[in-house]
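K.L.:
My questions all concern the structure below.
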Amino acid sequence: SEETVADAGTVEVSTPTRVNTSQSGLTFGTTYYLLNDGTISTTDTNGNGVVGYALSATKILNTKDW
């Protein structure tokens with residue numbers, strides 16, 4: 001998601017090969033993985049797979065269809 005939303009709210013979800021521009025603190029060229037709590041990490045500790053690749057500190061290229 002590109003935004004924070006309350007329970008039962010409506011949220012926009014990024015689709016594969018879409019650039020999400022609402023991130024922060026990313027490292028260019030780094031692979032990011034989904035954690036069970038919904039955050040992303042540079043380590044695949046939960047086996048959920050790759051979310052995408054950082055294009056800049058604030059942009060990630062989504063590569064997985066959730």
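Labels for the structure tokens follow display order: chains A, B, ..., residues from 1 in each chain, ligands from 1.
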Using only C-alpha atoms, determine which residues lie at most 10 Å from segment 49-55 of chain A, disregarding the query and same-chain residues fewer than 6 positions distant; provide the list as a list in words.

P.N.:
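Once the nearby chain positions are removed, what remains is Pro16, Thr17, Arg18, Val19, Asn20, Thr21, Gln23, Gly25, Leu26, Thr27, Phe28, Gly29, Thr30, Thr31, Tyr32, Tyr33, Leu34, Leu35, Ile40, Ser41, Thr42, Thr43, Leu61, Asn62, Thr63, Lys64, Asp65 and Trp66 of chain A.
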
K.L.:
Kindly save the residues from that selection, with N, CA, C and O atoms included, as an mmCIF file, in the first residue's frame.

P.N.:
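Done, and the output landed in out_4.cif:
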data_model
loop_
_atom_site.group_PDB
_atom_site.id
_atom_site.type_symbol
_atom_site.label_atom_id
_atom_site.label_comp_id
_atom_site.auth_asym_id
_atom_site.auth_seq_id
_atom_site.Cartn_x
_atom_site.Cartn_y
_atom_site.Cartn_z
ATOM 1 N N PRO A 16 1.943 -5.364 -9.592
ATOM 2 C CA PRO A 16 3.271 -5.724 -10.083
ATOM 3 C C PRO A 16 3.762 -4.760 -11.156
ATOM 4 O O PRO A 16 2.964 -4.253 -11.941
ATOM 5 N N THR A 17 5.015 -4.548 -11.147
ATOM 6 C CA THR A 17 5.727 -3.658 -12.065
ATOM 7 C C THR A 17 5.220 -2.227 -11.985
ATOM 8 O O THR A 17 5.326 -1.466 -12.917
ATOM 9 N N ARG A 18 4.712 -1.864 -10.858
ATOM 10 C CA ARG A 18 4.304 -0.491 -10.604
ATOM 11 C C ARG A 18 5.313 0.122 -9.646
ATOM 12 O O ARG A 18 5.769 -0.520 -8.717
ATOM 13 N N VAL A 19 5.624 1.369 -9.838
ATOM 14 C CA VAL A 19 6.555 2.048 -8.946
ATOM 15 C C VAL A 19 5.763 2.700 -7.826
ATOM 16 O O VAL A 19 4.873 3.513 -8.060
ATOM 17 N N ASN A 20 6.068 2.318 -6.605
ATOM 18 C CA ASN A 20 5.474 2.903 -5.406
ATOM 19 C C ASN A 20 6.389 4.038 -4.975
ATOM 20 O O ASN A 20 7.555 3.814 -4.665
ATOM 21 N N THR A 21 5.859 5.253 -4.940
ATOM 22 C CA THR A 21 6.675 6.437 -4.641
ATOM 23 C C THR A 21 6.466 6.976 -3.240
ATOM 24 O O THR A 21 6.881 8.086 -2.934
ATOM 25 N N GLN A 23 7.560 5.602 -0.283
ATOM 26 C CA GLN A 23 8.431 4.926 0.661
ATOM 27 C C GLN A 23 9.466 5.906 1.207
ATOM 28 O O GLN A 23 9.577 7.033 0.740
ATOM 29 N N GLY A 25 13.631 5.820 3.226
ATOM 30 C CA GLY A 25 14.723 5.070 3.818
ATOM 31 C C GLY A 25 15.201 3.866 3.031
ATOM 32 O O GLY A 25 15.934 3.031 3.569
ATOM 33 N N LEU A 26 14.819 3.751 1.783
ATOM 34 C CA LEU A 26 15.263 2.629 0.963
ATOM 35 C C LEU A 26 16.691 2.863 0.478
ATOM 36 O O LEU A 26 17.153 3.996 0.403
ATOM 37 N N THR A 27 17.366 1.784 0.132
ATOM 38 C CA THR A 27 18.719 1.854 -0.416
ATOM 39 C C THR A 27 18.666 1.452 -1.883
ATOM 40 O O THR A 27 18.213 0.346 -2.211
ATOM 41 N N PHE A 28 19.106 2.348 -2.763
ATOM 42 C CA PHE A 28 19.065 2.105 -4.198
ATOM 43 C C PHE A 28 19.660 0.742 -4.550
ATOM 44 O O PHE A 28 20.717 0.357 -4.058
ATOM 45 N N GLY A 29 18.959 0.001 -5.415
ATOM 46 C CA GLY A 29 19.443 -1.280 -5.904
ATOM 47 C C GLY A 29 19.247 -2.449 -4.968
ATOM 48 O O GLY A 29 19.580 -3.575 -5.308
ATOM 49 N N THR A 30 18.685 -2.201 -3.800
ATOM 50 C CA THR A 30 18.501 -3.254 -2.803
ATOM 51 C C THR A 30 17.184 -3.988 -3.031
ATOM 52 O O THR A 30 16.177 -3.383 -3.377
ATOM 53 N N THR A 31 17.196 -5.300 -2.831
ATOM 54 C CA THR A 31 15.995 -6.124 -2.902
ATOM 55 C C THR A 31 15.282 -6.049 -1.561
ATOM 56 O O THR A 31 15.914 -6.174 -0.510
ATOM 57 N N TYR A 32 13.965 -5.879 -1.591
ATOM 58 C CA TYR A 32 13.169 -5.827 -0.363
ATOM 59 C C TYR A 32 12.160 -6.960 -0.344
ATOM 60 O O TYR A 32 11.595 -7.324 -1.366
ATOM 61 N N TYR A 33 11.931 -7.507 0.852
ATOM 62 C CA TYR A 33 11.063 -8.659 1.065
ATOM 63 C C TYR A 33 9.932 -8.286 2.010
ATOM 64 O O TYR A 33 10.089 -7.415 2.869
ATOM 65 N N LEU A 34 8.794 -8.971 1.891
ATOM 66 C CA LEU A 34 7.640 -8.726 2.745
ATOM 67 C C LEU A 34 7.774 -9.522 4.047
ATOM 68 O O LEU A 34 8.040 -10.722 4.023
ATOM 69 N N LEU A 35 7.529 -8.856 5.166
ATOM 70 C CA LEU A 35 7.495 -9.521 6.462
ATOM 71 C C LEU A 35 6.044 -9.787 6.847
ATOM 72 O O LEU A 35 5.119 -9.187 6.299
ATOM 73 N N ILE A 40 8.497 -4.083 5.136
ATOM 74 C CA ILE A 40 9.468 -4.670 4.219
ATOM 75 C C ILE A 40 10.840 -4.671 4.859
ATOM 76 O O ILE A 40 11.128 -3.872 5.745
ATOM 77 N N SER A 41 11.684 -5.591 4.398
ATOM 78 C CA SER A 41 13.012 -5.768 4.966
ATOM 79 C C SER A 41 13.975 -6.212 3.868
ATOM 80 O O SER A 41 13.550 -6.738 2.839
ATOM 81 N N THR A 42 15.259 -6.039 4.120
ATOM 82 C CA THR A 42 16.268 -6.508 3.179
ATOM 83 C C THR A 42 16.592 -7.981 3.389
ATOM 84 O O THR A 42 17.375 -8.555 2.658
ATOM 85 N N THR A 43 15.957 -8.591 4.375
ATOM 86 C CA THR A 43 16.157 -10.005 4.683
ATOM 87 C C THR A 43 14.825 -10.743 4.591
ATOM 88 O O THR A 43 13.832 -10.309 5.165
ATOM 89 N N LEU A 61 10.212 -0.549 -7.051
ATOM 90 C CA LEU A 61 9.566 -1.192 -8.188
ATOM 91 C C LEU A 61 8.970 -2.503 -7.705
ATOM 92 O O LEU A 61 9.695 -3.432 -7.351
ATOM 93 N N ASN A 62 7.643 -2.573 -7.637
ATOM 94 C CA ASN A 62 6.976 -3.796 -7.190
ATOM 95 C C ASN A 62 7.097 -4.859 -8.259
ATOM 96 O O ASN A 62 6.842 -4.605 -9.429
ATOM 97 N N THR A 63 7.468 -6.064 -7.843
ATOM 98 C CA THR A 63 7.670 -7.144 -8.801
ATOM 99 C C THR A 63 6.835 -8.377 -8.494
ATOM 100 O O THR A 63 6.936 -9.372 -9.173
ATOM 101 N N LYS A 64 5.998 -8.310 -7.459
ATOM 102 C CA LYS A 64 5.191 -9.475 -7.087
ATOM 103 C C LYS A 64 3.709 -9.112 -7.089
ATOM 104 O O LYS A 64 3.337 -8.045 -6.651
ATOM 105 N N ASP A 65 2.892 -10.018 -7.569
ATOM 106 C CA ASP A 65 1.442 -9.839 -7.566
ATOM 107 C C ASP A 65 0.892 -10.424 -6.287
ATOM 108 O O ASP A 65 0.910 -11.627 -6.083
ATOM 109 N N TRP A 66 0.387 -9.586 -5.411
ATOM 110 C CA TRP A 66 -0.158 -10.044 -4.130
ATOM 111 C C TRP A 66 -1.611 -10.323 -4.333
ATOM 112 O O TRP A 66 -2.457 -10.368 -3.700
#

K.L.:
Per DSSP on the backbone, what are the strand (DSSP E or B) residues of chain A, as a PDB file with N, CA, C and O atoms, in the first residue's frame?

P.N.:
ATOM      1  N   VAL A  19       5.624   1.369  -9.838  1.00  0.00           N
ATOM      2  CA  VAL A  19       6.555   2.048  -8.946  1.00  0.00           C
ATOM      3  C   VAL A  19       5.763   2.700  -7.826  1.00  0.00           C
ATOM      4  O   VAL A  19       4.873   3.513  -8.060  1.00  0.00           O
ATOM      5  N   ASN A  20       6.068   2.318  -6.605  1.00  0.00           N
ATOM      6  CA  ASN A  20       5.474   2.903  -5.406  1.00  0.00           C
ATOM      7  C   ASN A  20       6.389   4.038  -4.975  1.00  0.00           C
ATOM      8  O   ASN A  20       7.555   3.814  -4.665  1.00  0.00           O
ATOM      9  N   THR A  31      17.196  -5.300  -2.831  1.00  0.00           N
ATOM     10  CA  THR A  31      15.995  -6.124  -2.902  1.00  0.00           C
ATOM     11  C   THR A  31      15.282  -6.049  -1.561  1.00  0.00           C
ATOM     12  O   THR A  31      15.914  -6.174  -0.510  1.00  0.00           O
ATOM     13  N   TYR A  32      13.965  -5.879  -1.591  1.00  0.00           N
ATOM     14  CA  TYR A  32      13.169  -5.827  -0.363  1.00  0.00           C
ATOM     15  C   TYR A  32      12.160  -6.960  -0.344  1.00  0.00           C
ATOM     16  O   TYR A  32      11.595  -7.324  -1.366  1.00  0.00           O
ATOM     17  N   TYR A  33      11.931  -7.507   0.852  1.00  0.00           N
ATOM     18  CA  TYR A  33      11.063  -8.659   1.065  1.00  0.00           C
ATOM     19  C   TYR A  33       9.932  -8.286   2.010  1.00  0.00           C
ATOM     20  O   TYR A  33      10.089  -7.415   2.869  1.00  0.00           O
ATOM     21  N   LEU A  34       8.794  -8.971   1.891  1.00  0.00           N
ATOM     22  CA  LEU A  34       7.640  -8.726   2.745  1.00  0.00           C
ATOM     23  C   LEU A  34       7.774  -9.522   4.047  1.00  0.00           C
ATOM     24  O   LEU A  34       8.040 -10.722   4.023  1.00  0.00           O
ATOM     25  N   ILE A  40       8.497  -4.083   5.136  1.00  0.00           N
ATOM     26  CA  ILE A  40       9.468  -4.670   4.219  1.00  0.00           C
ATOM     27  C   ILE A  40      10.840  -4.671   4.859  1.00  0.00           C
ATOM     28  O   ILE A  40      11.128  -3.872   5.745  1.00  0.00           O
ATOM     29  N   SER A  41      11.684  -5.591   4.398  1.00  0.00           N
ATOM     30  CA  SER A  41      13.012  -5.768   4.966  1.00  0.00           C
ATOM     31  C   SER A  41      13.975  -6.212   3.868  1.00  0.00           C
ATOM     32  O   SER A  41      13.550  -6.738   2.839  1.00  0.00           O
ATOM     33  N   VAL A  50      10.018 -11.714  -2.582  1.00  0.00           N
ATOM     34  CA  VAL A  50      10.446 -10.371  -2.961  1.00  0.00           C
ATOM     35  C   VAL A  50       9.241  -9.468  -3.177  1.00  0.00           C
ATOM     36  O   VAL A  50       8.293  -9.838  -3.855  1.00  0.00           O
ATOM     37  N   VAL A  51       9.303  -8.261  -2.599  1.00  0.00           N
ATOM     38  CA  VAL A  51       8.318  -7.222  -2.879  1.00  0.00           C
ATOM     39  C   VAL A  51       8.761  -6.457  -4.110  1.00  0.00           C
ATOM     40  O   VAL A  51       7.989  -6.190  -5.014  1.00  0.00           O
ATOM     41  N   GLY A  52      10.044  -6.088  -4.124  1.00  0.00           N
ATOM     42  CA  GLY A  52      10.552  -5.335  -5.253  1.00  0.00           C
ATOM     43  C   GLY A  52      11.965  -4.856  -5.019  1.00  0.00           C
ATOM     44  O   GLY A  52      12.656  -5.314  -4.108  1.00  0.00           O
ATOM     45  N   TYR A  53      12.360  -3.901  -5.852  1.00  0.00           N
ATOM     46  CA  TYR A  53      13.727  -3.386  -5.840  1.00  0.00           C
ATOM     47  C   TYR A  53      13.698  -1.869  -5.715  1.00  0.00           C
ATOM     48  O   TYR A  53      12.914  -1.196  -6.395  1.00  0.00           O
ATOM     49  N   ALA A  54      14.553  -1.348  -4.863  1.00  0.00           N
ATOM     50  CA  ALA A  54      14.594   0.090  -4.638  1.00  0.00           C
ATOM     51  C   ALA A  54      15.193   0.808  -5.836  1.00  0.00           C
ATOM     52  O   ALA A  54      16.294   0.483  -6.281  1.00  0.00           O
ATOM     53  N   ILE A  60      10.081   2.207  -4.906  1.00  0.00           N
ATOM     54  CA  ILE A  60      10.340   0.783  -5.039  1.00  0.00           C
ATOM     55  C   ILE A  60       9.555   0.246  -6.232  1.00  0.00           C
ATOM     56  O   ILE A  60       8.377   0.585  -6.421  1.00  0.00           O
ATOM     57  N   LEU A  61      10.212  -0.549  -7.051  1.00  0.00           N
ATOM     58  CA  LEU A  61       9.566  -1.192  -8.188  1.00  0.00           C
ATOM     59  C   LEU A  61       8.970  -2.503  -7.705  1.00  0.00           C
ATOM     60  O   LEU A  61       9.695  -3.432  -7.351  1.00  0.00           O
ATOM     61  N   ASN A  62       7.643  -2.573  -7.637  1.00  0.00           N
ATOM     62  CA  ASN A  62       6.976  -3.796  -7.190  1.00  0.00           C
ATOM     63  C   ASN A  62       7.097  -4.859  -8.259  1.00  0.00           C
ATOM     64  O   ASN A  62       6.842  -4.605  -9.429  1.00  0.00           O
TER      65      ASN A  62
END

K.L.:
State, in Å with one decimal place, the distance from atom CA of Lys59 of chain A to atom CA of Ser22 of chain A.

P.N.:
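Those two atoms sit 6.7 Å apart.
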
K.L.:
In Å, with one decimal, what is the gap from atom CA of Thr58 of chain A to atom CA of Ala8 of chain A?

P.N.:
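Between these atoms lies a distance of 26.8 Å.
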